[in-house]
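Asks: My structure file query06.pdb, PDB, C-alpha atoms, is below:
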MODEL        1
ATOM      1  CA  MET A   1     -46.396  32.140 -98.167
ATOM      2  CA  THR A   2     -47.597  33.202-101.641
ATOM      3  CA  ARG A   3     -44.588  31.514-103.250
ATOM      4  CA  ARG A   4     -45.297  28.341-101.292
ATOM      5  CA  LEU A   5     -48.952  28.313-102.396
ATOM      6  CA  ALA A   6     -47.930  28.770-106.021
ATOM      7  CA  GLN A   7     -45.326  26.006-105.944
ATOM      8  CA  VAL A   8     -47.627  23.502-104.271
ATOM      9  CA  ALA A   9     -50.526  24.396-106.583
ATOM     10  CA  LYS A  10     -48.321  23.892-109.639
ATOM     11  CA  LYS A  11     -47.021  20.572-108.302
ATOM     12  CA  VAL A  12     -50.522  19.190-107.689
ATOM     13  CA  GLY A  13     -52.271  20.870-110.612
ATOM     14  CA  VAL A  14     -54.909  22.716-108.548
ATOM     15  CA  SER A  15     -55.614  26.350-107.746
ATOM     16  CA  GLU A  16     -53.839  28.298-105.024
ATOM     17  CA  ALA A  17     -57.220  28.730-103.345
ATOM     18  CA  THR A  18     -57.569  24.937-103.065
ATOM     19  CA  VAL A  19     -54.102  24.685-101.530
ATOM     20  CA  SER A  20     -55.027  27.427 -99.065
ATOM     21  CA  ARG A  21     -58.172  25.556 -98.025
ATOM     22  CA  VAL A  22     -56.130  22.420 -97.334
ATOM     23  CA  LEU A  23     -53.489  24.309 -95.355
ATOM     24  CA  ASN A  24     -56.157  25.969 -93.256
ATOM     25  CA  ASN A  25     -58.060  22.707 -92.789
ATOM     26  CA  LYS A  26     -61.193  24.084 -94.471
ATOM     27  CA  PRO A  27     -63.986  21.942 -95.992
ATOM     28  CA  GLY A  28     -64.814  21.736 -99.686
ATOM     29  CA  VAL A  29     -61.782  19.695-100.809
ATOM     30  CA  SER A  30     -61.845  16.006-101.734
ATOM     31  CA  GLU A  31     -59.739  13.626 -99.651
ATOM     32  CA  ALA A  32     -57.648  12.684-102.702
ATOM     33  CA  THR A  33     -56.812  16.317-103.428
ATOM     34  CA  ARG A  34     -56.111  16.976 -99.785
ATOM     35  CA  GLN A  35     -53.634  14.093 -99.631
ATOM     36  CA  SER A  36     -51.987  15.235-102.873
ATOM     37  CA  VAL A  37     -51.440  18.726-101.441
ATOM     38  CA  LEU A  38     -49.976  17.352 -98.217
ATOM     39  CA  THR A  39     -47.671  15.042-100.150
ATOM     40  CA  ALA A  40     -46.532  17.950-102.355
ATOM     41  CA  LEU A  41     -45.692  19.937 -99.213
ATOM     42  CA  ASP A  42     -43.503  17.082 -98.014
ATOM     43  CA  VAL A  43     -41.814  16.581-101.370
ATOM     44  CA  LEU A  44     -41.049  20.302-101.737
ATOM     45  CA  GLY A  45     -39.601  20.413 -98.227
ATOM     46  CA  TYR A  46     -42.203  22.673 -96.591
ATOM     47  CA  GLU A  47     -43.390  22.065 -93.049
ATOM     48  CA  ARG A  48     -47.002  21.109 -92.622
ATOM     49  CA  PRO A  49     -49.227  23.498 -90.700
ATOM     50  CA  THR A  50     -49.276  22.678 -86.985
ATOM     51  CA  GLN A  51     -52.806  21.276 -87.046
ATOM     52  CA  LEU A  52     -51.862  18.814 -89.802
ATOM     53  CA  ARG A  53     -48.565  17.539 -88.439
ATOM     54  CA  GLY A  54     -50.124  14.678 -86.528
ATOM     55  CA  GLU A  55     -50.910  12.902 -89.772
ATOM     56  CA  ARG A  56     -48.257  10.897 -91.504
ATOM     57  CA  ALA A  57     -47.444  11.827 -95.061
ATOM     58  CA  ARG A  58     -48.216   9.471 -97.911
ATOM     59  CA  LEU A  59     -44.465   9.164 -98.318
ATOM     60  CA  VAL A  60     -42.457   5.963 -97.965
ATOM     61  CA  GLY A  61     -38.715   5.959 -97.530
ATOM     62  CA  LEU A  62     -36.879   3.543 -99.820
ATOM     63  CA  VAL A  63     -33.368   3.173 -98.396
ATOM     64  CA  LEU A  64     -30.702   1.571-100.590
ATOM     65  CA  PRO A  65     -27.027   0.977 -99.776
ATOM     66  CA  GLU A  66     -25.851   1.935-103.291
ATOM     67  CA  LEU A  67     -26.871   2.248-106.947
ATOM     68  CA  GLN A  68     -23.720   0.913-108.645
ATOM     69  CA  ASN A  69     -24.870  -2.688-108.253
ATOM     70  CA  PRO A  70     -27.726  -3.000-110.810
ATOM     71  CA  ILE A  71     -29.772  -5.151-108.419
ATOM     72  CA  PHE A  72     -30.630  -2.117-106.273
ATOM     73  CA  PRO A  73     -32.049   0.083-109.067
ATOM     74  CA  ALA A  74     -34.036  -3.000-110.114
ATOM     75  CA  PHE A  75     -35.522  -3.335-106.621
ATOM     76  CA  ALA A  76     -36.184   0.426-106.549
ATOM     77  CA  GLU A  77     -38.123   0.214-109.809
ATOM     78  CA  VAL A  78     -40.330  -2.662-108.633
ATOM     79  CA  ILE A  79     -40.928  -1.308-105.124
ATOM     80  CA  GLY A  80     -41.433   2.266-106.313
ATOM     81  CA  GLY A  81     -43.993   1.170-108.894
ATOM     82  CA  ALA A  82     -45.874  -0.991-106.394
ATOM     83  CA  LEU A  83     -45.954   1.875-103.873
ATOM     84  CA  ALA A  84     -47.320   4.270-106.494
ATOM     85  CA  GLN A  85     -50.123   1.819-107.270
ATOM     86  CA  GLN A  86     -51.078   2.056-103.589
ATOM     87  CA  GLY A  87     -51.149   5.870-103.693
ATOM     88  CA  LEU A  88     -47.834   6.141-101.854
ATOM     89  CA  THR A  89     -44.855   8.227-102.962
ATOM     90  CA  PRO A  90     -41.398   6.637-102.653
ATOM     91  CA  VAL A  91     -38.563   8.810-101.377
ATOM     92  CA  LEU A  92     -35.276   7.331-102.605
ATOM     93  CA  CYS A  93     -32.469   7.448-100.033
ATOM     94  CA  THR A  94     -29.148   6.213-101.375
ATOM     95  CA  GLN A  95     -26.019   6.109 -99.271
ATOM     96  CA  THR A  96     -22.723   7.361-100.651
ATOM     97  CA  LYS A  97     -19.233   6.984 -99.274
ATOM     98  CA  GLY A  98     -18.571   9.927 -96.982
ATOM     99  CA  GLY A  99     -22.117  11.194 -97.532
ATOM    100  CA  VAL A 100     -25.447  10.846 -95.763
ATOM    101  CA  SER A 101     -25.573   7.716 -93.605
ATOM    102  CA  GLU A 102     -28.455   5.282 -93.153
ATOM    103  CA  ALA A 103     -29.089   6.735 -89.675
ATOM    104  CA  ASP A 104     -29.124  10.275 -91.117
ATOM    105  CA  TYR A 105     -31.716   9.244 -93.689
ATOM    106  CA  VAL A 106     -33.890   7.692 -90.991
ATOM    107  CA  GLU A 107     -33.801  10.966 -89.053
ATOM    108  CA  LEU A 108     -34.836  12.917 -92.154
ATOM    109  CA  LEU A 109     -37.647  10.473 -92.902
ATOM    110  CA  LEU A 110     -38.956  10.713 -89.341
ATOM    111  CA  GLN A 111     -39.009  14.503 -89.648
ATOM    112  CA  GLN A 112     -41.146  14.117 -92.773
ATOM    113  CA  GLN A 113     -43.691  11.960 -90.915
ATOM    114  CA  VAL A 114     -43.346   9.159 -93.469
ATOM    115  CA  SER A 115     -45.920   6.396 -93.613
ATOM    116  CA  GLY A 116     -43.258   3.689 -93.632
ATOM    117  CA  VAL A 117     -39.764   2.664 -94.683
ATOM    118  CA  VAL A 118     -38.470  -0.137 -96.902
ATOM    119  CA  PHE A 119     -34.792  -1.042 -96.549
ATOM    120  CA  ALA A 120     -33.535  -2.974 -99.593
ATOM    121  CA  GLY A 121     -30.158  -4.049 -98.244
ATOM    122  CA  GLY A 122     -28.371  -2.162 -95.492
ATOM    123  CA  LEU A 123     -26.913  -2.291 -92.021
ATOM    124  CA  PHE A 124     -29.681  -4.592 -90.758
ATOM    125  CA  ALA A 125     -27.831  -7.426 -92.532
ATOM    126  CA  GLN A 126     -24.545  -6.750 -90.695
ATOM    127  CA  ALA A 127     -24.259  -8.089 -87.162
ATOM    128  CA  ASP A 128     -21.460  -5.723 -86.118
ATOM    129  CA  ALA A 129     -23.019  -2.530 -87.517
ATOM    130  CA  GLU A 130     -24.838   0.229 -85.638
ATOM    131  CA  HIS A 131     -28.574  -0.509 -85.329
ATOM    132  CA  ASP A 132     -29.920   2.257 -83.054
ATOM    133  CA  HIS A 133     -31.816   3.944 -85.899
ATOM    134  CA  TYR A 134     -33.900   0.796 -86.407
ATOM    135  CA  GLN A 135     -34.840   0.960 -82.733
ATOM    136  CA  ARG A 136     -35.971   4.558 -83.230
ATOM    137  CA  LEU A 137     -38.310   3.474 -86.009
ATOM    138  CA  ALA A 138     -39.713   0.706 -83.807
ATOM    139  CA  GLU A 139     -40.250   3.096 -80.902
ATOM    140  CA  ARG A 140     -42.105   5.544 -83.165
ATOM    141  CA  LYS A 141     -44.190   2.623 -84.496
ATOM    142  CA  VAL A 142     -43.238   3.413 -88.101
ATOM    143  CA  PRO A 143     -44.051   0.469 -90.415
ATOM    144  CA  VAL A 144     -40.834  -1.106 -91.717
ATOM    145  CA  VAL A 145     -40.014  -3.956 -94.115
ATOM    146  CA  LEU A 146     -36.528  -5.331 -94.750
ATOM    147  CA  VAL A 147     -35.472  -6.830 -98.088
ATOM    148  CA  ASN A 148     -32.590  -9.280 -97.567
ATOM    149  CA  ALA A 149     -31.565 -11.551 -94.716
ATOM    150  CA  ALA A 150     -31.455  -9.645 -91.419
ATOM    151  CA  ILE A 151     -29.935 -10.167 -87.996
ATOM    152  CA  GLU A 152     -32.458 -11.764 -85.647
ATOM    153  CA  ARG A 153     -33.133  -9.183 -82.950
ATOM    154  CA  LEU A 154     -34.620  -6.318 -85.003
ATOM    155  CA  GLY A 155     -38.150  -7.710 -85.055
ATOM    156  CA  PHE A 156     -39.300  -6.345 -88.452
ATOM    157  CA  PRO A 157     -40.963  -8.374 -91.214
ATOM    158  CA  CYS A 158     -38.436  -9.419 -93.833
ATOM    159  CA  VAL A 159     -38.464 -10.532 -97.471
ATOM    160  CA  ALA A 160     -35.406 -12.488 -98.604
ATOM    161  CA  CYS A 161     -34.098 -14.793-101.292
ATOM    162  CA  ASP A 162     -33.121 -18.224 -99.981
ATOM    163  CA  ASP A 163     -29.314 -17.968 -99.834
ATOM    164  CA  ALA A 164     -28.922 -21.628 -98.924
ATOM    165  CA  VAL A 165     -30.845 -22.813-101.981
ATOM    166  CA  ALA A 166     -28.880 -20.395-104.177
ATOM    167  CA  VAL A 167     -25.549 -21.901-103.123
ATOM    168  CA  GLU A 168     -26.907 -25.463-103.368
ATOM    169  CA  GLN A 169     -27.942 -24.781-106.976
ATOM    170  CA  ALA A 170     -24.597 -23.220-107.885
ATOM    171  CA  TRP A 171     -22.553 -25.938-106.130
ATOM    172  CA  ARG A 172     -24.560 -28.741-107.736
ATOM    173  CA  HIS A 173     -24.080 -27.151-111.155
ATOM    174  CA  LEU A 174     -20.303 -26.841-110.809
ATOM    175  CA  SER A 175     -20.024 -30.355-109.355
ATOM    176  CA  SER A 176     -22.041 -31.821-112.222
ATOM    177  CA  LEU A 177     -19.563 -30.244-114.644
ATOM    178  CA  GLY A 178     -16.712 -32.029-112.892
ATOM    179  CA  HIS A 179     -15.307 -29.280-110.673
ATOM    180  CA  GLU A 180     -13.726 -30.605-107.472
ATOM    181  CA  ARG A 181     -11.933 -27.438-106.313
ATOM    182  CA  ILE A 182     -14.838 -25.042-105.709
ATOM    183  CA  GLY A 183     -14.345 -21.752-103.872
ATOM    184  CA  LEU A 184     -16.497 -18.848-102.699
ATOM    185  CA  VAL A 185     -16.188 -15.064-102.787
ATOM    186  CA  LEU A 186     -18.468 -13.698-100.051
ATOM    187  CA  GLY A 187     -19.160 -10.420 -98.286
ATOM    188  CA  PRO A 188     -17.804  -9.470 -94.833
ATOM    189  CA  ASP A 189     -17.785 -11.942 -91.917
ATOM    190  CA  ASP A 190     -20.765 -10.294 -90.181
ATOM    191  CA  HIS A 191     -22.930 -10.153 -93.339
ATOM    192  CA  MET A 192     -25.947 -12.415 -92.761
ATOM    193  CA  PRO A 193     -26.598 -13.486 -96.401
ATOM    194  CA  SER A 194     -22.912 -14.371 -96.742
ATOM    195  CA  GLN A 195     -23.035 -16.371 -93.505
ATOM    196  CA  ARG A 196     -25.996 -18.337 -94.857
ATOM    197  CA  LYS A 197     -24.211 -18.971 -98.146
ATOM    198  CA  LEU A 198     -21.114 -20.237 -96.328
ATOM    199  CA  THR A 199     -23.165 -22.602 -94.154
ATOM    200  CA  ALA A 200     -24.850 -23.990 -97.270
ATOM    201  CA  ALA A 201     -21.527 -24.457 -99.074
ATOM    202  CA  ARG A 202     -20.106 -26.396 -96.145
ATOM    203  CA  ALA A 203     -23.200 -28.607 -96.128
ATOM    204  CA  ALA A 204     -22.908 -29.178 -99.890
ATOM    205  CA  ALA A 205     -19.247 -30.170 -99.533
ATOM    206  CA  ARG A 206     -20.113 -32.612 -96.733
ATOM    207  CA  ALA A 207     -22.927 -34.107 -98.790
ATOM    208  CA  ALA A 208     -20.388 -34.781-101.543
ATOM    209  CA  GLY A 209     -18.200 -36.640 -99.058
ATOM    210  CA  GLY A 210     -15.656 -33.902 -98.504
ATOM    211  CA  ALA A 211     -15.170 -30.640 -96.646
ATOM    212  CA  LEU A 212     -14.832 -26.986 -97.620
ATOM    213  CA  PRO A 213     -11.271 -25.871 -96.814
ATOM    214  CA  ASP A 214     -10.852 -22.480 -95.137
ATOM    215  CA  ASP A 215      -8.578 -21.355 -97.969
ATOM    216  CA  ALA A 216     -11.416 -21.936-100.462
ATOM    217  CA  VAL A 217     -13.348 -19.004 -98.982
ATOM    218  CA  GLU A 218     -12.452 -15.344 -99.525
ATOM    219  CA  ARG A 219     -14.157 -12.213 -98.211
ATOM    220  CA  ALA A 220     -14.534  -8.966-100.133
ATOM    221  CA  MET A 221     -16.406  -5.691-100.278
ATOM    222  CA  PHE A 222     -19.288  -5.886-102.752
ATOM    223  CA  SER A 223     -17.577  -4.426-105.814
ATOM    224  CA  LEU A 224     -15.894  -5.502-109.032
ATOM    225  CA  GLU A 225     -12.523  -4.591-107.535
ATOM    226  CA  GLY A 226     -13.243  -6.621-104.395
ATOM    227  CA  GLY A 227     -14.215  -9.627-106.491
ATOM    228  CA  HIS A 228     -11.067  -9.305-108.588
ATOM    229  CA  ALA A 229      -8.745  -9.301-105.554
ATOM    230  CA  ALA A 230     -10.538 -12.157-103.757
ATOM    231  CA  ALA A 231     -10.820 -14.363-106.855
ATOM    232  CA  ALA A 232      -7.142 -13.824-107.706
ATOM    233  CA  ARG A 233      -6.229 -15.354-104.338
ATOM    234  CA  LEU A 234      -8.517 -18.354-104.957
ATOM    235  CA  ILE A 235      -7.140 -18.894-108.462
ATOM    236  CA  GLY A 236      -3.638 -18.872-107.019
ATOM    237  CA  ARG A 237      -4.662 -21.798-104.783
ATOM    238  CA  GLY A 238      -5.897 -23.951-107.657
ATOM    239  CA  ILE A 239      -9.645 -23.265-107.441
ATOM    240  CA  THR A 240     -11.372 -24.001-110.768
ATOM    241  CA  GLY A 241     -14.997 -23.045-109.944
ATOM    242  CA  ILE A 242     -15.894 -19.835-108.114
ATOM    243  CA  ILE A 243     -19.300 -19.036-106.583
ATOM    244  CA  CYS A 244     -19.745 -15.312-105.886
ATOM    245  CA  ALA A 245     -22.199 -13.522-103.574
ATOM    246  CA  SER A 246     -23.110 -10.901-106.209
ATOM    247  CA  ASP A 247     -22.826 -10.299-109.934
ATOM    248  CA  PRO A 248     -20.263  -7.453-109.596
ATOM    249  CA  LEU A 249     -18.084  -9.804-107.524
ATOM    250  CA  ALA A 250     -18.434 -12.408-110.282
ATOM    251  CA  LEU A 251     -17.437  -9.926-112.985
ATOM    252  CA  GLY A 252     -14.388  -9.132-110.870
ATOM    253  CA  ALA A 253     -13.607 -12.851-110.741
ATOM    254  CA  VAL A 254     -13.805 -13.095-114.537
ATOM    255  CA  ARG A 255     -11.377 -10.197-114.806
ATOM    256  CA  ALA A 256      -9.014 -11.830-112.284
ATOM    257  CA  ALA A 257      -8.959 -15.030-114.333
ATOM    258  CA  ARG A 258      -8.117 -13.132-117.499
ATOM    259  CA  ARG A 259      -5.389 -11.149-115.776
ATOM    260  CA  ALA A 260      -3.918 -14.484-114.707
ATOM    261  CA  GLY A 261      -3.909 -15.611-118.340
ATOM    262  CA  LEU A 262      -6.737 -18.106-117.836
ATOM    263  CA  ALA A 263      -9.780 -18.567-120.059
ATOM    264  CA  VAL A 264     -13.341 -18.356-118.731
ATOM    265  CA  PRO A 265     -14.977 -20.876-118.759
ATOM    266  CA  ARG A 266     -12.419 -23.323-120.237
ATOM    267  CA  GLU A 267     -10.027 -23.018-117.284
ATOM    268  CA  ILE A 268     -12.015 -21.119-114.637
ATOM    269  CA  SER A 269     -15.800 -21.239-114.162
ATOM    270  CA  VAL A 270     -17.626 -18.383-112.424
ATOM    271  CA  VAL A 271     -21.156 -18.222-110.981
ATOM    272  CA  GLY A 272     -22.719 -14.919-109.883
ATOM    273  CA  TYR A 273     -25.729 -14.081-107.747
ATOM    274  CA  ASP A 274     -28.713 -11.785-108.511
ATOM    275  CA  ASP A 275     -29.016 -11.975-112.335
ATOM    276  CA  SER A 276     -28.966  -8.189-112.451
ATOM    277  CA  ALA A 277     -29.241  -6.152-115.649
ATOM    278  CA  PHE A 278     -26.993  -6.972-118.621
ATOM    279  CA  MET A 279     -25.476 -10.161-117.169
ATOM    280  CA  ASN A 280     -26.556 -11.900-120.393
ATOM    281  CA  CYS A 281     -24.548  -9.302-122.339
ATOM    282  CA  THR A 282     -21.172  -9.782-120.646
ATOM    283  CA  GLU A 283     -18.344 -11.718-122.291
ATOM    284  CA  PRO A 284     -18.878 -14.523-121.614
ATOM    285  CA  PRO A 285     -22.537 -14.197-120.554
ATOM    286  CA  LEU A 286     -22.627 -14.800-116.799
ATOM    287  CA  THR A 287     -24.041 -17.948-115.234
ATOM    288  CA  THR A 288     -25.788 -16.653-112.125
ATOM    289  CA  VAL A 289     -28.501 -17.361-109.568
ATOM    290  CA  ARG A 290     -31.542 -15.176-110.205
ATOM    291  CA  GLN A 291     -33.353 -13.444-107.363
ATOM    292  CA  PRO A 292     -37.141 -13.138-108.033
ATOM    293  CA  ILE A 293     -37.011  -9.341-107.771
ATOM    294  CA  GLU A 294     -40.562  -8.704-108.969
ATOM    295  CA  ALA A 295     -42.171 -11.107-106.488
ATOM    296  CA  MET A 296     -39.949  -9.985-103.605
ATOM    297  CA  GLY A 297     -40.526  -6.282-104.224
ATOM    298  CA  ARG A 298     -44.287  -6.655-104.443
ATOM    299  CA  ALA A 299     -44.378  -8.798-101.296
ATOM    300  CA  ALA A 300     -42.406  -6.138 -99.436
ATOM    301  CA  VAL A 301     -44.925  -3.464-100.418
ATOM    302  CA  GLU A 302     -47.867  -5.695 -99.449
ATOM    303  CA  LEU A 303     -46.344  -6.213 -95.997
ATOM    304  CA  LEU A 304     -45.742  -2.488 -95.624
ATOM    305  CA  VAL A 305     -49.248  -1.477 -96.734
ATOM    306  CA  ALA A 306     -50.798  -4.016 -94.349
ATOM    307  CA  GLN A 307     -48.945  -2.322 -91.487
ATOM    308  CA  ILE A 308     -49.866   1.181 -92.657
ATOM    309  CA  GLN A 309     -53.524   0.145 -92.714
ATOM    310  CA  GLY A 310     -53.270  -1.059 -89.131
ATOM    311  CA  GLY A 311     -53.035  -4.767 -89.778
ATOM    312  CA  SER A 312     -50.937  -7.133 -87.714
ATOM    313  CA  VAL A 313     -47.880  -8.398 -89.574
ATOM    314  CA  PRO A 314     -45.654 -10.968 -87.841
ATOM    315  CA  PRO A 315     -41.938 -10.143 -87.720
ATOM    316  CA  GLY A 316     -40.965 -13.316 -89.569
ATOM    317  CA  GLU A 317     -39.141 -13.858 -92.850
ATOM    318  CA  LEU A 318     -40.650 -14.647 -96.239
ATOM    319  CA  LEU A 319     -38.133 -16.756 -98.174
ATOM    320  CA  PHE A 320     -38.271 -16.734-101.968
ATOM    321  CA  GLU A 321     -36.831 -19.451-104.201
ATOM    322  CA  PRO A 322     -33.956 -18.462-106.518
ATOM    323  CA  GLU A 323     -33.326 -19.883-109.988
ATOM    324  CA  LEU A 324     -30.007 -20.892-111.522
ATOM    325  CA  VAL A 325     -29.532 -19.316-114.962
ATOM    326  CA  VAL A 326     -26.837 -21.199-116.888
ATOM    327  CA  ARG A 327     -24.955 -19.143-119.473
ATOM    328  CA  GLY A 328     -21.427 -19.078-120.837
ATOM    329  CA  SER A 329     -19.203 -18.520-117.784
ATOM    330  CA  THR A 330     -19.319 -22.168-116.612
ATOM    331  CA  ALA A 331     -18.022 -25.319-118.287
ATOM    332  CA  PRO A 332     -16.214 -28.543-117.354
ATOM    333  CA  PRO A 333     -12.682 -27.884-116.074
ATOM    334  CA  ARG A 334      -9.938 -28.514-118.617
ATOM    335  CA  SER A 335      -8.863 -31.744-116.921
ATOM    336  CA  ALA A 336     -12.455 -33.084-117.054
ATOM    337  CA  SER A 337     -13.272 -32.046-120.611
TER     338      SER A 337
ENDMDL
END
Can the structure from this file be put into C-alpha cells for me?
Replies:
Amino acid sequence: MTRRLAQVAKKVGVSEATVSRVLNNKPGVSEATRQSVLTALDVLGYERPTQLRGERARLVGLVLPELQNPIFPAFAEVIGGALAQQGLTPVLCTQTKGGVSEADYVELLLQQQVSGVVFAGGLFAQADAEHDHYQRLAERKVPVVLVNAAIERLGFPCVACDDAVAVEQAWRHLSSLGHERIGLVLGPDDHMPSQRKLTAARAAARAAGGALPDDAVERAMFSLEGGHAAAARLIGRGITGIICASDPLALGAVRAARRAGLAVPREISVVGYDDSAFMNCTEPPLTTVRQPIEAMGRAAVELLVAQIQGGSVPPGELLFEPELVVRGSTAPPRSAS
C-alpha cells in the first residue's frame, strides 16, 4: 500500500497524504487533483478502491490495427492531442501479428472502466470478421467512435474519408494523362473502404464509355510486399496506371515496376492513398490522395466527448473530402507522350 501511494503521488506530483485522501474518498481535495490521482491509478495498473469503481476513468482507448503504415501514427498523434486538450488520457492499443487481438484490448479497456474508445481502422471495416467485442461495448454503453468506413450494422458514429471521391480524383487524373489501361490494388474482398473504391472505379469506367475488367483489379494485404505482388500481376496484363488503396501498397507497386524493368512514371504511373509521412521524399515522389487527418481526428474526438458528456450522437457517418496531391509518380504513358 505504501509503495502504491508513493508511485501514484510521484506520477501526479502531489503528496502521499493527498493520494490517501482520494483513495479513502475524503474531502479537502480539488476535483482536478482527484481525477488526476484516479487516472494515475489506472495508468499504473492498480485497481481503484471499491467505492470508486463505479466511476469511469478519464482514459480513452485508442485502438489501431498497426503502426507500420505511417497513416496510423499520424491519426494517433492528432487524436491523442485532441483528447489531452479535453482532459482525457489516450491509451494506445496496437495489434501485432500473433499478439494481443482487438477483442483482447477491448476486454482490458472495459476492466479499466475507460470513458470511451476510438477505433482508427480495425475489424469494424471487415464484413467477415468477428464483431462480438463491439457488441460488448454497446451493451456496456461505452462511447465509441470509428475512424474509417464501417459495416452497417454496428450502430456507432463514424468518421471517414470519402473513398468514392478519392478514386474519382485518381481515375480522372490518370485518364487526363492519357492512360486507358487503369488498374486497382485494393484490400481484401470484405474490406468496406476497398468495396467503396471498387464501386467508384466501375462507375468512373462506365462514365468514360467503357467497363472495368475483372483482371484490372487485384487484392492484397495492406503492406509493401502485398502491393508489390498485386501490382506485378497487373503490370503483366498491360496496365499502365495503377490506383492503390494505401501508400505502402503504392510503394510496393513502384518496386514491382522497377523489378519488371519499367520506369516510373514514364512507363507505369502509380497513385497512392493517404498522403502519409515522407511520401514527398520517395523516388519518385508519390502522387497520392490525401486524407484530411487533422479534421477527421478532431471530429472523432468531438463525437466521443459529446457522448461522454451525455449528449445524443446519431450513429451516422461523417464523410470528409480527400485531395489529390500530384507529384512525380504519374505521367502520360509512353505511347501518349
Asks: Give me the residues within 10 Å of stretch 3-6 of chain A as a list of chain:residue names, counting only C-alpha atoms and dropping any in the same chain fewer than 6 places off.
Replies: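 Using only C-alpha atoms, the neighbours found are A:Val14, A:Ser15, A:Glu16, A:Ala17, A:Thr18, A:Val19, A:Ser20, A:Leu23, A:Val37, A:Leu41, A:Leu44, A:Tyr46.
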Asks: Go through the shown structure with the PyMOL selection byres ((chain A and resi 195-200) around 10) and write out the matching residues as a ChimeraX atom specification.
Replies: /A:149,162-168,171,184-194,201-206,212,217,243-245
Asks: List as a PyMOL selection string the residues having at least one atom at most 10 Å from position (-44.8, 5.1, -97.8) as given in the file, counting only C-alpha atoms.
Replies: chain A and resi 56-62+80+83-84+86-91+113-118+142-144+301+304-305+308
Asks: May I ask for the distance between atom CA of A:Asn280 and atom CA of A:Met296, given in Å to one decimal place?
Replies: 21.6 Å
Asks: To box stretch 116-126 of chain A, take all atoms listed in the file, fit an axis-aligned box, add 3 Å on each side, and give centre and edge lengths in Å to one decimal, as JSON.
Replies:
{"center_x": -33.9, "center_y": -1.9, "center_z": -95.1, "size_x": 24.7, "size_y": 17.1, "size_z": 14.9}
Asks: Taking into account all atoms listed in the file, which residue in the set A:Val270, A:Arg181, A:Glu107, A:Arg219 is nearest to A:Arg237?
Replies: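 Going through A:Val270, A:Arg181, A:Glu107, A:Arg219 one by one, the smallest distance to A:Arg237 is for A:Arg181.
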Asks: For A:Gly155, which of A:Ala220, A:Thr288, A:Phe124, A:Glu180 is the closest residue, counting all atoms listed in the file?
Replies: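 Ranked by minimum distance to A:Gly155, first place goes to A:Phe124.
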Asks: Please write the residues picked by the PyMOL selection byres ((chain A and resi 318-335) around 6) on this file as a PyMOL selection string.
Replies: chain A and resi 159-162+166+177-178+264-267+269-270+284-291+317+336-337
Asks: Would you translate the PyMOL selection byres ((chain A and resi 33) around 10) into the concrete set of residues it matches in this file, as a PyMOL selection string?
Replies: chain A and resi 12-14+18-19+22+29-32+34-39
Asks: Could you please determine the separation between atom CA of A:Arg258 and atom CA of A:Ala277 in Å, to one decimal place?
Replies: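 Going from atom CA of A:Arg258 over to atom CA of A:Ala277, I get 22.3 Å.
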Asks: Measuring atom to atom with only C-alpha atoms, identify which of A:Pro248, A:Gly310, A:Pro292, A:Pro73 is nearest to A:Met279.
Replies: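 Closest candidate: A:Pro248.
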